[in-house]
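Below: one structure, written as structure tokens.
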Amino acid sequence: MSSRWCGHLEQAGWSAPGEANDIKGAFGSRWPRPADAGQCSRRMRRWALFTVPNFGEWSQGAVALLGDAAHAMLPFAAQGAGMAIEDAAVLAKALGDHAGDNVAGIPAALKRYGKSRRARVQQVQRAPRRQQGRIYHLAGPLALARDLAIKTMGPQRVLARQDWIYDWRV
Ligand SMILES: Cc1cc2nc3c(=O)[nH]c(=O)nc-3n(C[C@H](O)[C@H](O)[C@H](O)COP(=O)(O)OP(=O)(O)OC[C@H]3O[C@@H](n4cnc5c(N)ncnc54)[C@H](O)[C@@H]3O)c2cc1C
């Protein structure tokens with residue numbers, strides 16, 4: 001896995017000790033009135049967002065990966081769990097269609113599952129990195145322009161931009 005967002009998480013592991021100034025440093029210029037994190041919690045931890053950018057094989061023999069284990073992605077498109085659910089649907093179909101009661105057919109069915117998911121997951125995985133992540137983290141006048149554009153578009157048009165994700169069927 002690689003750390004994509006908090007590149008300054010220096011040590012190995014999922015999280016590291018943090019302090020209130022970390023939050024001020026990261027968000028102070030973006031939020032008009034940054035929350036006083038010190039009042040919320042005495043014990044703070046910093047954690048990174050991890051991705052699995054280069055897929056290896058998703059299955060070996062009768063064992064397969066799905067969800068984050070196969071393709072962890074940045075959360076800006078809010079699709080990590082969605083892709084895990086899609087994986088499960090495709091995996092179940094592959095097993096039903098290509099293995100059935102034949103245990104010997106399971107490895108080939110799992111290979112089909114991995115092969116059929118790859119392009120879709122890669123497309124969804126790229127979306128937050130290229131678009132939403134950049135847009136969500138704009139600051140200053142660009143952030144104001146972004147907010148105005150979203151307001152002008154209205155909820156229906158904003159939602160329609162995600163149709164290519166939500167219109168997927170197994
Ligand atoms: C800040 C943030 C916001 C997000 N927002 C969204 C969102 O809005 N929509 C969306 O679709 N996705 C979102 N995601 C992504 C989503 O949370 C993940 O993609 C999803 O939880 C992956 O599910 P999973 O089952 O693959 O893995 P996990 O949810 O990580 O489940 C793996 C489980 O395995 C357990 N485990 C690990 N090792 C072992 C072991 N050795 N033995 C037994 N159990 C073990 C773990 O404890 C865990 O419970 C977000 C992620 C983040 C970080």
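Chain labels A, B, ... are given in the sequence in which chains occur in the structure tokens; within each chain residues are numbered consecutively from 1, and ligands are likewise numbered from 1 in the order shown.
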Residues of chain A classed as alpha helix (DSSP H) by DSSP on the backbone are to be reported as a PyMOL selection string. chain A and resi 20-27+37-40+68-71+80-98+106-127+133-136+140-160+163-166
For the selection you just gave me, I'd like the residues written to a file as an mmCIF file, in the first residue's frame, keeping C-alpha atoms.
data_model
loop_
_atom_site.group_PDB
_atom_site.id
_atom_site.type_symbol
_atom_site.label_atom_id
_atom_site.label_comp_id
_atom_site.auth_asym_id
_atom_site.auth_seq_id
_atom_site.Cartn_x
_atom_site.Cartn_y
_atom_site.Cartn_z
ATOM 1 C CA ALA A 20 -4.088 20.204 18.076
ATOM 2 C CA ASN A 21 -1.591 22.232 16.026
ATOM 3 C CA ASP A 22 -1.607 19.497 13.367
ATOM 4 C CA ILE A 23 -5.278 20.233 12.761
ATOM 5 C CA LYS A 24 -4.793 23.984 12.734
ATOM 6 C CA GLY A 25 -1.886 23.614 10.307
ATOM 7 C CA ALA A 26 -3.856 21.372 7.962
ATOM 8 C CA PHE A 27 -7.236 23.111 8.041
ATOM 9 C CA ALA A 37 -9.819 20.215 18.631
ATOM 10 C CA GLY A 38 -8.152 20.418 22.023
ATOM 11 C CA GLN A 39 -11.583 20.778 23.608
ATOM 12 C CA CYS A 40 -12.945 17.697 21.871
ATOM 13 C CA ASP A 68 -9.876 -2.564 -0.064
ATOM 14 C CA ALA A 69 -7.580 -5.569 0.083
ATOM 15 C CA ALA A 70 -7.622 -5.621 -3.723
ATOM 16 C CA HIS A 71 -8.008 -1.942 -4.581
ATOM 17 C CA GLY A 80 -14.502 2.230 -1.664
ATOM 18 C CA ALA A 81 -17.326 0.349 0.031
ATOM 19 C CA GLY A 82 -19.440 0.670 -3.109
ATOM 20 C CA MET A 83 -16.752 -1.089 -5.141
ATOM 21 C CA ALA A 84 -16.457 -3.794 -2.471
ATOM 22 C CA ILE A 85 -20.209 -4.443 -2.772
ATOM 23 C CA GLU A 86 -19.957 -4.568 -6.565
ATOM 24 C CA ASP A 87 -17.029 -6.991 -6.222
ATOM 25 C CA ALA A 88 -19.180 -9.253 -4.067
ATOM 26 C CA ALA A 89 -22.009 -9.245 -6.626
ATOM 27 C CA VAL A 90 -19.642 -10.071 -9.507
ATOM 28 C CA LEU A 91 -17.844 -12.702 -7.446
ATOM 29 C CA ALA A 92 -21.119 -14.428 -6.564
ATOM 30 C CA LYS A 93 -22.198 -14.385 -10.223
ATOM 31 C CA ALA A 94 -18.850 -15.727 -11.435
ATOM 32 C CA LEU A 95 -19.010 -18.578 -8.941
ATOM 33 C CA GLY A 96 -22.629 -19.353 -9.830
ATOM 34 C CA ASP A 97 -22.120 -19.172 -13.603
ATOM 35 C CA HIS A 98 -18.701 -20.804 -13.918
ATOM 36 C CA ILE A 106 -13.577 -22.309 -8.522
ATOM 37 C CA PRO A 107 -10.042 -21.068 -9.369
ATOM 38 C CA ALA A 108 -11.049 -20.284 -12.965
ATOM 39 C CA ALA A 109 -14.258 -18.580 -11.779
ATOM 40 C CA LEU A 110 -12.214 -16.410 -9.410
ATOM 41 C CA LYS A 111 -9.850 -15.438 -12.222
ATOM 42 C CA ARG A 112 -12.856 -14.379 -14.319
ATOM 43 C CA TYR A 113 -14.143 -12.309 -11.431
ATOM 44 C CA GLY A 114 -10.834 -10.434 -11.048
ATOM 45 C CA LYS A 115 -10.517 -9.896 -14.773
ATOM 46 C CA SER A 116 -14.024 -8.519 -15.138
ATOM 47 C CA ARG A 117 -13.656 -6.045 -12.252
ATOM 48 C CA ARG A 118 -10.293 -4.537 -13.082
ATOM 49 C CA ALA A 119 -11.209 -1.851 -15.641
ATOM 50 C CA ARG A 120 -14.239 -0.675 -13.698
ATOM 51 C CA VAL A 121 -12.369 -0.371 -10.412
ATOM 52 C CA GLN A 122 -9.427 1.393 -12.048
ATOM 53 C CA GLN A 123 -11.770 3.955 -13.600
ATOM 54 C CA VAL A 124 -13.474 4.648 -10.269
ATOM 55 C CA GLN A 125 -10.163 4.667 -8.420
ATOM 56 C CA ARG A 126 -8.755 7.337 -10.744
ATOM 57 C CA ALA A 127 -11.766 9.657 -10.425
ATOM 58 C CA GLY A 133 -9.567 15.448 -4.345
ATOM 59 C CA ARG A 134 -8.250 18.530 -6.129
ATOM 60 C CA ILE A 135 -11.610 20.288 -6.135
ATOM 61 C CA TYR A 136 -12.402 19.569 -2.487
ATOM 62 C CA GLY A 140 -9.122 31.017 -1.057
ATOM 63 C CA PRO A 141 -10.846 32.530 -4.130
ATOM 64 C CA LEU A 142 -10.811 29.205 -5.971
ATOM 65 C CA ALA A 143 -12.781 27.648 -3.131
ATOM 66 C CA LEU A 144 -15.332 30.456 -3.350
ATOM 67 C CA ALA A 145 -15.614 29.925 -7.120
ATOM 68 C CA ARG A 146 -16.080 26.174 -6.537
ATOM 69 C CA ASP A 147 -18.836 26.751 -3.973
ATOM 70 C CA LEU A 148 -20.606 29.157 -6.309
ATOM 71 C CA ALA A 149 -20.369 26.714 -9.233
ATOM 72 C CA ILE A 150 -21.832 23.888 -7.125
ATOM 73 C CA LYS A 151 -24.632 26.130 -5.885
ATOM 74 C CA THR A 152 -25.426 27.214 -9.443
ATOM 75 C CA MET A 153 -25.485 23.630 -10.706
ATOM 76 C CA GLY A 154 -27.996 22.516 -8.075
ATOM 77 C CA PRO A 155 -28.284 19.081 -6.472
ATOM 78 C CA GLN A 156 -29.698 17.238 -9.501
ATOM 79 C CA ARG A 157 -26.870 18.204 -11.830
ATOM 80 C CA VAL A 158 -24.239 17.588 -9.171
ATOM 81 C CA LEU A 159 -25.684 14.117 -8.585
ATOM 82 C CA ALA A 160 -25.932 13.429 -12.339
ATOM 83 C CA ASP A 163 -24.464 8.620 -13.007
ATOM 84 C CA TRP A 164 -21.647 6.683 -14.654
ATOM 85 C CA ILE A 165 -20.907 5.188 -11.234
ATOM 86 C CA TYR A 166 -24.428 4.540 -9.974
#
Using only C-alpha atoms, the residue out of A:Gln132, A:Ala64, A:Gly18, A:Arg43 with shortest distance to Phe76 (chain A) is A:Gln132
From the DSSP assignment of the backbone, select every residue of chain A that is strand (DSSP E or B), and format the answer as a PyMOL selection string. chain A and resi 2-3+15-18+44-47+50-51+59-60+63-64
Mind writing the picked residues with N, CA and C atoms as a short mmCIF file (atom, residue, chain, number, x, y, z; two decimals), in the first residue's frame?
data_model
loop_
_atom_site.label_atom_id
_atom_site.label_comp_id
_atom_site.auth_asym_id
_atom_site.auth_seq_id
_atom_site.Cartn_x
_atom_site.Cartn_y
_atom_site.Cartn_z
N SER A 2 0.33 2.35 -0.47
CA SER A 2 1.10 3.58 -0.39
C SER A 2 0.24 4.66 0.25
N SER A 3 0.89 5.59 0.95
CA SER A 3 0.17 6.69 1.58
C SER A 3 0.05 7.81 0.57
N SER A 15 -1.28 4.80 12.14
CA SER A 15 -1.47 6.14 12.65
C SER A 15 -0.31 6.50 13.57
N ALA A 16 -0.25 7.80 13.95
CA ALA A 16 0.85 8.28 14.78
C ALA A 16 0.27 9.29 15.78
N PRO A 17 0.94 9.52 16.90
CA PRO A 17 0.44 10.51 17.85
C PRO A 17 0.34 11.88 17.18
N GLY A 18 -0.72 12.63 17.52
CA GLY A 18 -0.92 13.95 16.93
C GLY A 18 -1.20 14.99 17.99
N MET A 44 -5.04 12.58 20.57
CA MET A 44 -5.25 12.69 19.13
C MET A 44 -4.27 11.82 18.38
N ARG A 45 -4.75 11.33 17.25
CA ARG A 45 -3.85 10.56 16.41
C ARG A 45 -3.96 11.05 14.98
N ARG A 46 -2.86 11.05 14.28
CA ARG A 46 -2.86 11.38 12.86
C ARG A 46 -2.88 10.07 12.10
N TRP A 47 -3.62 10.03 11.01
CA TRP A 47 -3.61 8.81 10.20
C TRP A 47 -3.62 9.17 8.73
N PHE A 50 -4.58 5.46 2.64
CA PHE A 50 -3.76 4.54 1.85
C PHE A 50 -4.50 4.09 0.60
N THR A 51 -3.73 3.85 -0.45
CA THR A 51 -4.31 3.29 -1.67
C THR A 51 -3.53 2.05 -2.08
N SER A 59 -6.58 -13.18 -7.24
CA SER A 59 -6.89 -14.51 -6.72
C SER A 59 -5.73 -15.45 -6.94
N GLN A 60 -5.69 -16.41 -6.07
CA GLN A 60 -4.70 -17.48 -6.22
C GLN A 60 -5.40 -18.76 -5.80
N VAL A 63 -8.64 -18.86 -3.46
CA VAL A 63 -8.71 -17.70 -2.56
C VAL A 63 -8.69 -16.42 -3.39
N ALA A 64 -9.61 -15.50 -3.08
CA ALA A 64 -9.67 -14.24 -3.84
C ALA A 64 -9.77 -13.05 -2.89
#
Rounded to one decimal place, report the atom 27 (O, counted along the ligand's line) of ligand 1-CA of Val103 (chain A) distance in Å.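 Rounded to one decimal, the two atoms are 26.2 Å apart.
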Using only C-alpha atoms and all ligand atoms, which of the listed residues (A:Gln79, A:Ala12, A:Trp58, A:Gln131) sits closest to ligand 1?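 Result for the nearest residue to ligand 1: A:Gln79.
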